[in-house]
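*Asks:* As input, take run-v3.cif (mmCIF, C-alpha atoms):
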data_final
#
loop_
_atom_site.label_atom_id
_atom_site.label_comp_id
_atom_site.auth_asym_id
_atom_site.auth_seq_id
_atom_site.Cartn_x
_atom_site.Cartn_y
_atom_site.Cartn_z
CA MET A 7 -53.14 47.09 77.83
CA SER A 8 -52.32 45.21 74.66
CA THR A 9 -50.40 47.22 72.10
CA ALA A 10 -52.08 45.23 69.33
CA THR A 11 -55.50 46.27 70.60
CA GLN A 12 -54.70 49.96 70.41
CA THR A 13 -52.97 49.91 67.04
CA ARG A 14 -55.09 51.64 64.40
CA GLY A 15 -53.64 49.94 61.37
CA PRO A 16 -51.27 47.20 60.31
CA GLY A 17 -47.94 48.59 61.36
CA PRO A 18 -44.66 47.18 62.63
CA ALA A 19 -45.43 48.25 66.16
CA ALA A 20 -48.24 45.73 66.40
CA ALA A 21 -46.08 42.90 65.15
CA ALA A 22 -43.16 43.82 67.40
CA SER A 23 -45.26 44.26 70.54
CA LEU A 24 -43.82 42.56 73.61
CA THR A 25 -47.38 41.57 74.46
CA VAL A 26 -48.07 39.97 71.08
CA LEU A 27 -44.81 38.20 70.22
CA PRO A 28 -44.78 35.92 73.29
CA VAL A 29 -48.32 34.86 72.43
CA LEU A 30 -47.34 34.23 68.82
CA PHE A 31 -44.37 32.06 69.74
CA LEU A 32 -46.31 30.21 72.43
CA ILE A 33 -49.17 29.33 70.08
CA SER A 34 -46.59 28.15 67.52
CA PHE A 35 -45.04 25.97 70.24
CA VAL A 36 -48.47 24.52 71.04
CA HIS A 37 -48.98 23.88 67.32
CA MET A 38 -45.73 21.89 67.33
CA MET A 39 -46.86 19.85 70.35
CA ASN A 40 -50.28 19.21 68.78
CA ASP A 41 -48.92 18.07 65.43
CA SER A 42 -46.26 15.97 67.16
CA MET A 43 -49.07 14.03 68.83
CA GLN A 44 -50.81 13.62 65.49
CA ALA A 45 -47.54 12.42 63.95
CA THR A 46 -47.27 9.82 66.69
CA VAL A 47 -50.12 7.78 65.17
CA PRO A 48 -48.55 6.95 61.76
CA ALA A 49 -45.09 6.80 63.36
CA LEU A 50 -46.36 3.92 65.52
CA TYR A 51 -47.81 1.88 62.65
CA THR A 52 -44.93 -0.57 62.34
CA ILE A 53 -45.02 -1.08 66.12
CA LEU A 54 -48.81 -1.42 66.38
CA GLU A 55 -48.93 -3.83 63.46
CA LYS A 56 -46.90 -6.28 65.53
CA SER A 57 -48.07 -5.53 69.08
CA LEU A 58 -51.80 -5.73 68.23
CA ASN A 59 -51.49 -7.93 65.13
CA LEU A 60 -53.15 -5.31 62.90
CA SER A 61 -53.85 -5.69 59.21
CA TYR A 62 -53.09 -3.01 56.61
CA VAL A 63 -56.82 -2.37 56.33
CA GLN A 64 -57.01 -1.66 60.07
CA LEU A 65 -54.05 0.71 59.79
CA GLY A 66 -55.91 2.44 56.97
CA TRP A 67 -58.94 2.89 59.22
CA LEU A 68 -56.73 4.50 61.86
CA THR A 69 -55.53 7.01 59.26
CA PHE A 70 -59.09 7.62 58.09
CA ALA A 71 -60.35 8.18 61.66
CA LEU A 72 -57.52 10.59 62.47
CA ASN A 73 -57.99 12.62 59.30
CA MET A 74 -61.78 12.71 59.50
CA THR A 75 -61.74 14.03 63.06
CA SER A 76 -58.65 16.24 63.00
CA SER A 77 -59.12 17.78 59.53
CA VAL A 78 -62.66 17.54 58.23
CA LEU A 79 -64.22 18.62 61.55
CA GLN A 80 -62.14 21.80 61.64
CA PRO A 81 -64.61 23.88 59.58
CA VAL A 82 -67.43 22.69 61.86
CA VAL A 83 -65.49 23.77 64.94
CA GLY A 84 -64.60 27.01 63.16
CA ILE A 85 -68.24 27.85 62.43
CA TYR A 86 -69.17 27.21 66.07
CA THR A 87 -66.33 29.29 67.53
CA ASP A 88 -66.97 32.13 65.07
CA ARG A 89 -70.37 32.50 66.73
CA THR A 90 -69.33 31.92 70.33
CA SER A 91 -65.58 31.69 70.78
CA LYS A 92 -64.49 30.13 74.06
CA PRO A 93 -60.78 30.62 74.85
CA TYR A 94 -60.64 27.75 77.33
CA LEU A 95 -61.64 25.30 74.61
CA LEU A 96 -57.93 25.38 73.71
CA PRO A 97 -56.61 23.63 76.87
CA PHE A 98 -59.72 21.43 76.87
CA GLY A 99 -58.84 20.20 73.37
CA MET A 100 -55.30 19.41 74.50
CA ALA A 101 -56.72 17.47 77.45
CA LEU A 102 -58.65 15.31 74.97
CA SER A 103 -55.42 14.67 73.06
CA LEU A 104 -53.69 13.74 76.31
CA LEU A 105 -56.36 11.12 77.02
CA GLY A 106 -55.93 9.87 73.47
CA MET A 107 -52.18 9.41 73.90
CA VAL A 108 -52.73 7.41 77.09
CA GLY A 109 -55.29 5.28 75.26
CA ILE A 110 -52.90 4.62 72.36
CA ALA A 111 -50.12 3.55 74.73
CA LEU A 112 -52.32 1.17 76.72
CA ALA A 113 -54.81 -0.04 74.07
CA PRO A 114 -55.25 -3.84 74.26
CA SER A 115 -57.21 -4.11 71.01
CA PHE A 116 -57.88 -2.40 67.70
CA TRP A 117 -61.21 -0.91 68.74
CA VAL A 118 -59.81 0.69 71.88
CA LEU A 119 -56.95 2.02 69.77
CA LEU A 120 -59.36 3.47 67.20
CA PHE A 121 -61.32 5.20 69.97
CA ALA A 122 -58.11 6.69 71.38
CA VAL A 123 -57.05 7.97 67.95
CA VAL A 124 -60.40 9.73 67.60
CA PHE A 125 -59.69 11.58 70.86
CA VAL A 126 -56.38 12.85 69.43
CA GLY A 127 -58.24 13.93 66.30
CA PHE A 128 -60.91 15.79 68.28
CA GLY A 129 -58.25 17.63 70.26
CA SER A 130 -56.54 18.72 67.04
CA ALA A 131 -59.83 19.76 65.41
CA ILE A 132 -60.58 22.03 68.38
CA PHE A 133 -57.10 23.53 68.46
CA HIS A 134 -56.49 24.54 64.84
CA PRO A 135 -59.34 27.03 64.18
CA GLU A 136 -58.94 28.65 67.60
CA GLY A 137 -55.16 28.66 67.27
CA SER A 138 -55.45 30.48 63.93
CA ARG A 139 -57.74 33.05 65.56
CA VAL A 140 -55.16 33.67 68.30
CA VAL A 141 -52.59 34.28 65.56
CA TRP A 142 -55.03 36.67 63.85
CA PHE A 143 -55.22 38.77 67.02
CA ALA A 144 -51.49 38.54 67.79
CA ALA A 145 -50.26 39.32 64.27
CA GLY A 146 -50.47 43.10 64.24
CA GLY A 147 -49.71 44.28 60.71
CA LYS A 148 -47.59 41.28 59.69
CA ARG A 149 -50.17 38.58 59.17
CA GLY A 150 -48.11 36.61 56.67
CA PHE A 151 -45.15 36.50 59.05
CA ALA A 152 -47.37 35.58 62.01
CA GLN A 153 -49.16 32.76 60.20
CA SER A 154 -45.81 31.45 58.97
CA VAL A 155 -44.43 31.30 62.51
CA TYR A 156 -47.57 29.43 63.54
CA GLN A 157 -47.44 26.96 60.65
CA VAL A 158 -43.69 26.36 61.06
CA GLY A 159 -44.50 25.05 64.52
CA GLY A 160 -46.97 22.57 63.06
CA ASN A 161 -44.70 21.47 60.23
CA GLY A 162 -41.83 21.07 62.67
CA GLY A 163 -43.98 18.85 64.86
CA SER A 164 -45.00 16.67 61.92
CA SER A 165 -41.39 16.26 60.83
CA LEU A 166 -40.53 14.71 64.21
CA ALA A 167 -42.29 11.45 63.26
CA PRO A 168 -39.19 9.64 61.86
CA LEU A 169 -37.12 10.66 64.89
CA MET A 170 -39.78 9.47 67.32
CA THR A 171 -39.94 6.13 65.54
CA VAL A 172 -36.18 5.61 65.72
CA PHE A 173 -35.47 6.89 69.23
CA ILE A 174 -38.72 6.19 71.14
CA PHE A 175 -41.09 3.71 69.55
CA VAL A 176 -38.62 1.12 68.28
CA PRO A 177 -36.84 0.81 71.67
CA LEU A 178 -39.96 1.12 73.87
CA GLY A 179 -42.75 -0.27 71.71
CA GLN A 180 -46.41 0.75 72.00
CA ILE A 181 -46.01 2.01 75.58
CA GLY A 182 -43.64 4.65 74.19
CA ALA A 183 -46.73 6.62 73.13
CA LEU A 184 -46.90 7.79 76.75
CA TRP A 185 -44.17 10.25 75.78
CA GLY A 186 -46.92 12.03 73.88
CA THR A 187 -48.52 12.98 77.19
CA ALA A 188 -45.49 15.20 77.81
CA PHE A 189 -46.34 17.07 74.59
CA ALA A 190 -49.94 17.49 75.74
CA LEU A 191 -49.02 18.68 79.23
CA ALA A 192 -46.54 21.22 77.85
CA ALA A 193 -49.21 22.50 75.46
CA ILE A 194 -51.81 22.79 78.24
CA VAL A 195 -49.44 24.83 80.40
CA ALA A 196 -48.73 27.20 77.49
CA LEU A 197 -52.43 27.53 76.65
CA LEU A 198 -53.38 28.34 80.23
CA TRP A 199 -51.13 31.39 79.80
CA VAL A 200 -52.48 32.25 76.33
CA ALA A 201 -56.21 31.80 77.10
CA PRO A 202 -56.61 34.84 79.43
CA TRP A 203 -54.86 37.09 76.87
CA TYR A 204 -57.07 35.68 74.13
CA LYS A 205 -60.16 36.27 76.26
CA ARG A 206 -59.22 39.95 76.68
CA GLN A 207 -58.75 40.33 72.90
CA LEU A 208 -62.17 38.86 72.26
CA ALA A 209 -63.73 41.20 74.82
CA ASP A 210 -62.06 44.22 73.15
CA TRP A 211 -63.18 42.98 69.75
CA LYS A 212 -66.82 42.79 70.86
CA THR A 213 -66.82 46.18 72.59
CA GLN A 214 -65.24 48.02 69.64
CA GLY A 215 -68.37 47.58 67.51
CA ALA A 216 -68.52 47.60 63.73
CA ALA A 217 -66.28 50.67 63.29
CA GLY A 218 -63.57 49.30 65.50
CA LYS A 219 -63.75 45.90 63.89
CA SER A 220 -63.26 47.39 60.45
CA LYS A 221 -59.98 48.86 61.67
CA ARG A 222 -58.80 45.59 63.16
CA VAL A 223 -59.71 43.64 60.03
CA VAL A 224 -57.12 44.16 57.31
CA ALA A 225 -59.07 42.56 54.49
CA GLY A 226 -59.90 45.58 52.35
CA MET A 227 -61.15 43.47 49.42
CA SER A 228 -64.75 44.77 49.50
CA LEU A 229 -66.15 41.75 47.67
CA SER A 230 -69.79 40.75 47.35
CA THR A 231 -70.93 37.56 49.06
CA ARG A 232 -71.11 35.82 45.69
CA HIS A 233 -67.53 36.74 44.80
CA VAL A 234 -66.30 35.68 48.25
CA LEU A 235 -67.91 32.27 47.81
CA ILE A 236 -66.40 31.86 44.34
CA ALA A 237 -62.96 32.95 45.53
CA MET A 238 -63.13 30.70 48.58
CA GLY A 239 -64.18 27.71 46.48
CA LEU A 240 -61.32 28.39 44.08
CA LEU A 241 -58.83 28.70 46.94
CA VAL A 242 -59.95 25.42 48.51
CA PHE A 243 -59.62 23.73 45.10
CA ILE A 244 -56.06 25.06 44.72
CA VAL A 245 -55.08 23.95 48.22
CA PHE A 246 -56.76 20.61 47.56
CA GLY A 247 -54.64 20.04 44.44
CA ARG A 248 -51.46 21.01 46.27
CA SER A 249 -52.37 18.58 49.06
CA TRP A 250 -52.80 15.75 46.58
CA TYR A 251 -49.36 16.39 45.13
CA SER A 252 -47.78 16.66 48.59
CA ALA A 253 -49.50 13.42 49.62
CA GLY A 254 -48.11 11.69 46.54
CA ILE A 255 -44.57 12.84 47.26
CA GLY A 256 -44.69 12.38 51.02
CA ASN A 257 -46.27 8.93 50.96
CA TYR A 258 -45.05 7.30 47.77
CA TYR A 259 -41.87 8.91 46.45
CA GLN A 260 -39.80 6.66 48.71
CA PHE A 261 -41.34 3.62 46.98
CA PHE A 262 -40.60 5.21 43.61
CA LEU A 263 -36.95 5.57 44.63
CA ILE A 264 -36.82 1.92 45.67
CA GLU A 265 -38.50 0.63 42.52
CA HIS A 266 -36.98 3.00 39.94
CA TYR A 267 -33.48 3.55 41.31
CA GLY A 268 -33.00 0.44 43.45
CA LEU A 269 -32.40 2.32 46.71
CA THR A 270 -32.82 0.62 50.06
CA ALA A 271 -35.77 1.62 52.26
CA LYS A 272 -33.36 3.43 54.59
CA HIS A 273 -31.64 5.45 51.84
CA ALA A 274 -34.98 6.28 50.23
CA GLN A 275 -35.86 8.36 53.30
CA VAL A 276 -33.18 10.97 52.56
CA PRO A 277 -34.85 12.79 49.63
CA VAL A 278 -38.20 12.72 51.45
CA PHE A 279 -36.55 14.22 54.52
CA LEU A 280 -35.03 16.97 52.34
CA PHE A 281 -38.52 17.68 50.96
CA LEU A 282 -39.97 18.00 54.49
CA LEU A 283 -37.05 20.07 55.79
CA ALA A 284 -37.27 22.49 52.88
CA GLY A 285 -41.02 22.70 53.48
CA VAL A 286 -40.47 24.07 56.99
CA ILE A 287 -38.09 26.71 55.62
CA GLY A 288 -40.40 27.59 52.74
CA THR A 289 -43.42 27.93 55.05
CA PHE A 290 -41.67 30.61 57.08
CA PHE A 291 -40.15 32.66 54.28
CA GLY A 292 -43.28 32.41 52.12
CA GLY A 293 -45.25 34.36 54.71
CA VAL A 294 -42.54 36.98 55.04
CA ILE A 295 -42.36 37.46 51.26
CA ALA A 296 -46.15 37.59 50.98
CA ASP A 297 -46.20 40.58 53.33
CA LYS A 298 -44.08 42.38 50.71
CA ILE A 299 -45.45 41.21 47.34
CA GLY A 300 -49.02 40.22 48.22
CA MET A 301 -50.75 36.96 49.06
CA LYS A 302 -52.25 36.23 45.64
CA LYS A 303 -48.82 36.43 43.99
CA MET A 304 -47.29 34.20 46.66
CA ILE A 305 -50.02 31.57 46.33
CA PHE A 306 -49.52 31.55 42.55
CA LEU A 307 -45.73 31.33 42.76
CA SER A 308 -45.81 28.63 45.43
CA ILE A 309 -47.72 26.16 43.28
CA ALA A 310 -47.23 27.18 39.67
CA GLY A 311 -43.52 27.74 40.42
CA THR A 312 -43.09 24.02 41.06
CA ILE A 313 -44.37 22.97 37.62
CA PRO A 314 -41.00 22.50 35.83
CA PHE A 315 -39.44 20.76 38.84
CA ALA A 316 -42.43 18.45 39.35
CA ILE A 317 -42.61 17.44 35.67
CA ALA A 318 -38.86 16.76 35.50
CA LEU A 319 -38.61 14.88 38.83
CA PRO A 320 -39.67 11.37 37.66
CA TYR A 321 -37.16 11.43 34.79
CA LEU A 322 -34.06 12.72 36.59
CA PRO A 323 -30.84 10.84 37.26
CA LEU A 324 -30.68 9.89 40.95
CA PHE A 325 -28.05 12.55 41.72
CA TRP A 326 -30.40 15.38 40.69
CA ALA A 327 -33.35 13.98 42.64
CA TYR A 328 -31.87 15.29 45.92
CA PRO A 329 -31.61 19.02 45.03
CA PHE A 330 -34.88 18.89 43.09
CA MET A 331 -36.73 17.47 46.11
CA PHE A 332 -35.32 20.25 48.29
CA VAL A 333 -36.38 22.95 45.81
CA LEU A 334 -39.81 21.38 45.42
CA GLY A 335 -40.41 21.39 49.17
CA LEU A 336 -39.13 24.95 49.46
CA ILE A 337 -41.37 26.39 46.73
CA LEU A 338 -44.47 24.24 47.24
CA ASN A 339 -44.79 25.03 50.95
CA SER A 340 -44.00 28.73 50.61
CA GLY A 341 -47.72 29.33 50.13
CA PHE A 342 -48.82 27.02 52.96
CA SER A 343 -49.48 29.71 55.56
CA VAL A 344 -50.33 32.38 52.98
CA ALA A 345 -53.43 30.48 51.84
CA VAL A 346 -54.76 30.56 55.41
CA VAL A 347 -54.25 34.32 55.75
CA TYR A 348 -55.81 34.92 52.32
CA ALA A 349 -58.88 32.92 53.37
CA GLN A 350 -59.12 35.00 56.54
CA HIS A 351 -59.01 38.16 54.44
CA LEU A 352 -61.85 36.81 52.32
CA MET A 353 -63.90 36.00 55.44
CA PRO A 354 -62.67 38.45 58.11
CA THR A 355 -65.69 37.95 60.37
CA LYS A 356 -65.43 34.15 60.12
CA VAL A 357 -61.77 33.56 60.84
CA GLY A 358 -62.31 30.12 62.40
CA MET A 359 -64.32 28.83 59.45
CA ALA A 360 -61.80 30.22 56.95
CA SER A 361 -58.92 28.56 58.78
CA GLY A 362 -60.81 25.29 59.03
CA LEU A 363 -61.54 25.22 55.32
CA THR A 364 -57.92 25.77 54.31
CA THR A 365 -55.95 23.88 56.97
CA GLY A 366 -58.67 21.37 57.79
CA LEU A 367 -61.08 20.32 55.09
CA ALA A 368 -58.79 20.85 52.11
CA PHE A 369 -55.85 19.03 53.67
CA GLY A 370 -58.11 16.30 55.03
CA MET A 371 -59.36 15.70 51.51
CA GLY A 372 -55.73 15.65 50.40
CA ALA A 373 -55.15 12.77 52.79
CA LEU A 374 -57.97 10.91 51.08
CA GLY A 375 -56.15 11.66 47.86
CA ALA A 376 -53.28 9.54 49.15
CA VAL A 377 -55.66 6.58 49.17
CA VAL A 378 -56.70 7.27 45.57
CA LEU A 379 -53.07 7.64 44.48
CA GLY A 380 -52.22 4.38 46.23
CA ALA A 381 -54.97 2.63 44.26
CA ILE A 382 -53.61 4.12 41.02
CA ALA A 383 -50.12 2.92 41.93
CA ASP A 384 -51.45 -0.58 42.61
CA ARG A 385 -53.15 -0.63 39.21
CA LEU A 386 -50.69 1.20 36.95
CA GLY A 387 -47.43 0.94 38.86
CA MET A 388 -45.56 3.40 41.05
CA VAL A 389 -43.52 4.92 38.21
CA ASP A 390 -46.57 5.76 36.09
CA MET A 391 -48.40 7.17 39.11
CA MET A 392 -45.51 9.50 39.94
CA ARG A 393 -45.42 10.70 36.35
CA MET A 394 -49.17 11.38 36.44
CA ILE A 395 -49.14 13.50 39.60
CA ALA A 396 -46.31 15.62 38.16
CA PHE A 397 -49.02 17.64 36.40
CA LEU A 398 -51.04 18.40 39.54
CA PRO A 399 -49.14 21.69 40.20
CA LEU A 400 -50.75 23.02 37.00
CA ILE A 401 -53.76 23.65 39.24
CA GLY A 402 -51.73 26.55 40.63
CA LEU A 403 -52.44 28.49 37.45
CA PHE A 404 -56.00 28.97 38.71
CA ALA A 405 -54.55 31.29 41.36
CA LEU A 406 -54.44 33.96 38.65
CA LEU A 407 -58.25 34.09 38.92
CA LEU A 408 -58.21 34.96 42.63
CA PRO A 409 -59.13 38.54 43.61
CA SER A 410 -56.16 40.75 44.39
CA ASP A 411 -55.43 41.42 48.06
CA ARG A 412 -53.54 44.61 47.22
CA LYS A 413 -55.18 48.00 46.80
CA ARG A 414 -54.52 49.68 43.50
CA GLY A 415 -53.05 53.08 43.34
#
Represent the structure from my file as C-alpha cells, please.
*Replies:*
Amino acid sequence: MSTATQTRGPGPAAAASLTVLPVLFLISFVHMMNDSMQATVPALYTILEKSLNLSYVQLGWLTFALNMTSSVLQPVVGIYTDRTSKPYLLPFGMALSLLGMVGIALAPSFWVLLFAVVFVGFGSAIFHPEGSRVVWFAAGGKRGFAQSVYQVGGNGGSSLAPLMTVFIFVPLGQIGALWGTAFALAAIVALLWVAPWYKRQLADWKTQGAAGKSKRVVAGMSLSTRHVLIAMGLLVFIVFGRSWYSAGIGNYYQFFLIEHYGLTAKHAQVPVFLFLLAGVIGTFFGGVIADKIGMKKMIFLSIAGTIPFAIALPYLPLFWAYPFMFVLGLILNSGFSVAVVYAQHLMPTKVGMASGLTTGLAFGMGALGAVVLGAIADRLGMVDMMRMIAFLPLIGLFALLLPSDRKRG
C-alpha cells in the first residue's frame, strides 16, 4: 500500500515515503527528457537554416508551432484529463515525441519538419498536465518541494540546448536529432513504471469519496467560485508578465551585450548562462522556502524582489552585469514552481487544468511576447527595449492581491 494514500494530512511521512520519492524523482527525470526534446528544436535552428535552406520567417513558424501545441494546448489536455484521467497517456505522449524527433532528423523539407515539430509539441502538451498530477499525488505534505523537484527537471532539460548544439548538432548536423529518440525511450521506460502507481492513486482517489478527497486536498482556502476565478486570472496575469520579462532576457540580452558593450557572440552567452543556471537553483529552493513561509509570499518575493535588479541591469558597468544576471535568475525563478502549486490549491479538483494554465497557457503567451519584444527592438533599438522591459517585474506587486494560502490563527 502507498504510504501517501494512507496519510491523513500533509506531514513529513508522506513526503519521505519510499513509495512516493522514487515516483517524484522519476517524473522529474521524465520532465528533463521531455524538455530536452523541446529544447532540441531551437538548438537546431542554425543547422536547419543551412541544411533545409530555411528563412527566418520559417524558423519563426517552427517556434510558433511548437509553442502553440506544447503550451497553449496544455489547459485543453488538463480539462480533459481532469474529467477522465488516463495514466497510460503519459507513455503515449512520449511516443508521439519520439516520432517527432525521428521526423526532425530525417525531414527533407520545411513542411515535413513543421509536421514533426507539432508531434513533439503534442507529446509535451500531453505530458505536462498529467505529470503535474502525478507530482500532486506523490508530494505528501511538501507540495512546494515536490513541485520544485519536478520543475528543476524541466529547467535542467531546457538548459541543455547550448550543450547539445556544441557537442551534437554542430558535428553531426540535422541527423543528430536522432539522439533525441534516446531521451524519448528513456522517458517511456520510466513512465511505464510510474503509470501503474499513478493508476492505483487515481483508483484510491475515486473510492475515497468527497470526505476522503477533502483530506487529500490541502487547499483550505474555502473561496467562492467567483473569487477563485478572479484569483486564477490574477495569477495567470502575474505569470504572464514574468514570462515576458524572462523571454526578453533569455532571447535578447545577448544582443544587448553585443550592441551595448561590444562583446562577441560567444562571450555574450556567459551572462545568459548564469541567468539560466541560477534559475534552476532558484526553482528548487523557492519551493522549499514556500513550504515554510507560504506560497503567496513566495510568489510576491520572486517577482517584486527582482525590481531593483531589473531596473538597474541596463545601466550597469559590464563587470556588474554578471552577478546581477545570476541574482535575477535566482530570484525570478524562485516562484516558478510555487505558482503551479498555488493554482492547484485554488482549483484542487481540477489539477490538470490549473497546471495547464500556469505552465502552459501563460508561458506559451510569454513566448509570443518574445515576438512582440523583437518587433519593439527592431523599431526602437535593443538598448531601449531592454530598458522598457526592466519595469515588467512591477507586475509582481499584484501578488499582494492574491488570497492567502495560510490559515490564520
*Asks:* Could you check which of A:Thr213, A:Gln275, A:Ser154, A:Ser308 is closest to Leu400 of chain A, using only C-alpha atoms?
*Replies:*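 Distance minimum relative to Leu400 of chain A lands on A:Ser308.
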*Asks:* Counting only C-alpha atoms, which residue out of A:Leu119, A:Ile299, A:Leu283, A:Leu338 sits closest to Leu398 of chain A?
*Replies:* A:Leu338
*Asks:* So which residues get picked by the PyMOL selection byres ((chain A and resi 96-106) around 6) here, written as a ChimeraX atom specification?
*Replies:* /A:94-95,107-109,122-123,125-126,129,132-133,187,190,194,197
*Asks:* What does the distance between atom CA of Leu403 of chain A and atom CA of Val377 of chain A come to in Å, to one decimal place?
*Replies:*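 Distance reported for this atom pair: 25.1 Å.
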*Asks:* Please indicate the distance in Å from atom CA of Val357 of chain A to atom CA of Val26 of chain A, rounded to one decimal place.
*Replies:*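 Computing the Euclidean distance for atom CA of Val357 of chain A and atom CA of Val26 of chain A yields 18.3 Å.
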*Asks:* Have a look at atom CA of Ala327 of chain A and atom CA of Phe262 of chain A and let me know their distance in Å, one decimal.
*Replies:*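 Between atom CA of Ala327 of chain A and atom CA of Phe262 of chain A the gap works out to 11.4 Å.
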*Asks:* Run through the PyMOL selection byres ((chain A and resi 46) around 8) on the given coordinates and return the selected residues as a tab-separated table (two decimals) with C-alpha atoms, keeping the file's coordinate frame.
*Replies:*
chain	number	residue	atom	x	y	z
A	42	SER	CA	-46.26	15.97	67.16
A	43	MET	CA	-49.07	14.03	68.83
A	44	GLN	CA	-50.81	13.62	65.49
A	45	ALA	CA	-47.54	12.42	63.95
A	47	VAL	CA	-50.12	7.78	65.17
A	48	PRO	CA	-48.55	6.95	61.76
A	49	ALA	CA	-45.09	6.80	63.36
A	50	LEU	CA	-46.36	3.92	65.52
A	167	ALA	CA	-42.29	11.45	63.26
A	170	MET	CA	-39.78	9.47	67.32
A	183	ALA	CA	-46.73	6.62	73.13
A	186	GLY	CA	-46.92	12.03	73.88
*Asks:* Output as a tab-separated table one row per residue of segment 302-336 of chain A within 10 Å of segment 392-396 of chain A: the closest atom pair and its distance in Å to one decimal place, counting all atoms listed in the file, sorted by chain and residue number ascending.
*Replies:*
residue	atom	partner	partner_atom	distance
A:Thr312	CA	A:Ala396	CA	9.5
A:Ile313	CA	A:Ala396	CA	7.6
A:Pro314	CA	A:Ala396	CA	9.0
A:Phe315	CA	A:Ala396	CA	8.6
A:Ala316	CA	A:Ala396	CA	4.9
A:Ile317	CA	A:Ala396	CA	4.8
A:Ala318	CA	A:Ala396	CA	8.0
A:Leu319	CA	A:Ala396	CA	7.8
A:Pro320	CA	A:Arg393	CA	5.9
A:Tyr321	CA	A:Arg393	CA	8.4
*Asks:* Since we have the selection now, will you write its residues out, keeping C-alpha atoms, as a short mmCIF file (atom, residue, chain, number, x, y, z; two decimals), in the coordinates of the input?
*Replies:*
data_model
loop_
_atom_site.label_atom_id
_atom_site.label_comp_id
_atom_site.auth_asym_id
_atom_site.auth_seq_id
_atom_site.Cartn_x
_atom_site.Cartn_y
_atom_site.Cartn_z
CA THR A 312 -43.09 24.02 41.06
CA ILE A 313 -44.37 22.97 37.62
CA PRO A 314 -41.00 22.50 35.83
CA PHE A 315 -39.44 20.76 38.84
CA ALA A 316 -42.43 18.45 39.35
CA ILE A 317 -42.61 17.44 35.67
CA ALA A 318 -38.86 16.76 35.50
CA LEU A 319 -38.61 14.88 38.83
CA PRO A 320 -39.67 11.37 37.66
CA TYR A 321 -37.16 11.43 34.79
#
*Asks:* So, with all atoms listed in the file as the atoms that count, which of A:Val78, A:Leu198, A:Leu65, A:Leu352 lies closest to Leu408 of chain A?
*Replies:* A:Leu352
*Asks:* Determine, counting all atoms listed in the file, which protein, DNA and RNA residues have an atom within 9 Å of an atom of Val278 of chain A; residues of the same chain fewer than 5 positions away are not included. Present the result as an MDAnalysis selection string.
*Replies:* chainID A and resid 255:257 259:260 283 328 331:332
*Asks:* Which one of A:Leu363, A:Val155, A:Met74, A:Ala405 sits closest to Val124 of chain A if you count all atoms listed in the file?
*Replies:* A:Met74
*Asks:* Given the file above and the PyMOL selection byres ((chain A and resi 37-39) around 6), which residues are selected, and can you give them as a ChimeraX atom specification?
*Replies:* /A:34-36,40-42,159-160,163,189
*Asks:* Between A:Ile337, A:Ala201, A:Phe306, A:Asp297, which has the minimum distance to Gly146 of chain A (counting all atoms listed in the file)?
*Replies:* A:Asp297
*Asks:* Which neighbours of Gly362 of chain A fall inside 9 Å, counting all atoms listed in the file, when residues of the same chain fewer than 4 positions from it are skipped, and could you give them as a list in words?
*Replies:* Ser77, Val78, Leu79, Gln80, Pro81, Val82, Val83, Gly84, Ile85, Ala131, His134, Pro135, Ser138, Val346, Val357, Gly358, Gly366, Leu367 and Ala368 of chain A
*Asks:* Pick out the closest residue to Phe143 of chain A from this set: A:Pro399, A:Leu112, A:Thr75, A:Leu27. Count all atoms listed in the file.
*Replies:*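 Going through A:Pro399, A:Leu112, A:Thr75, A:Leu27 one by one, the smallest distance to Phe143 of chain A is for A:Leu27.
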*Asks:* Can you pull out every residue within 10 Å of Pro93 of chain A, counting all atoms listed in the file, but drop anything in the same chain fewer than 6 positions away, and send it as a ChimeraX atom specification?
*Replies:* /A:87,136-137,140,197-198,200-206,208
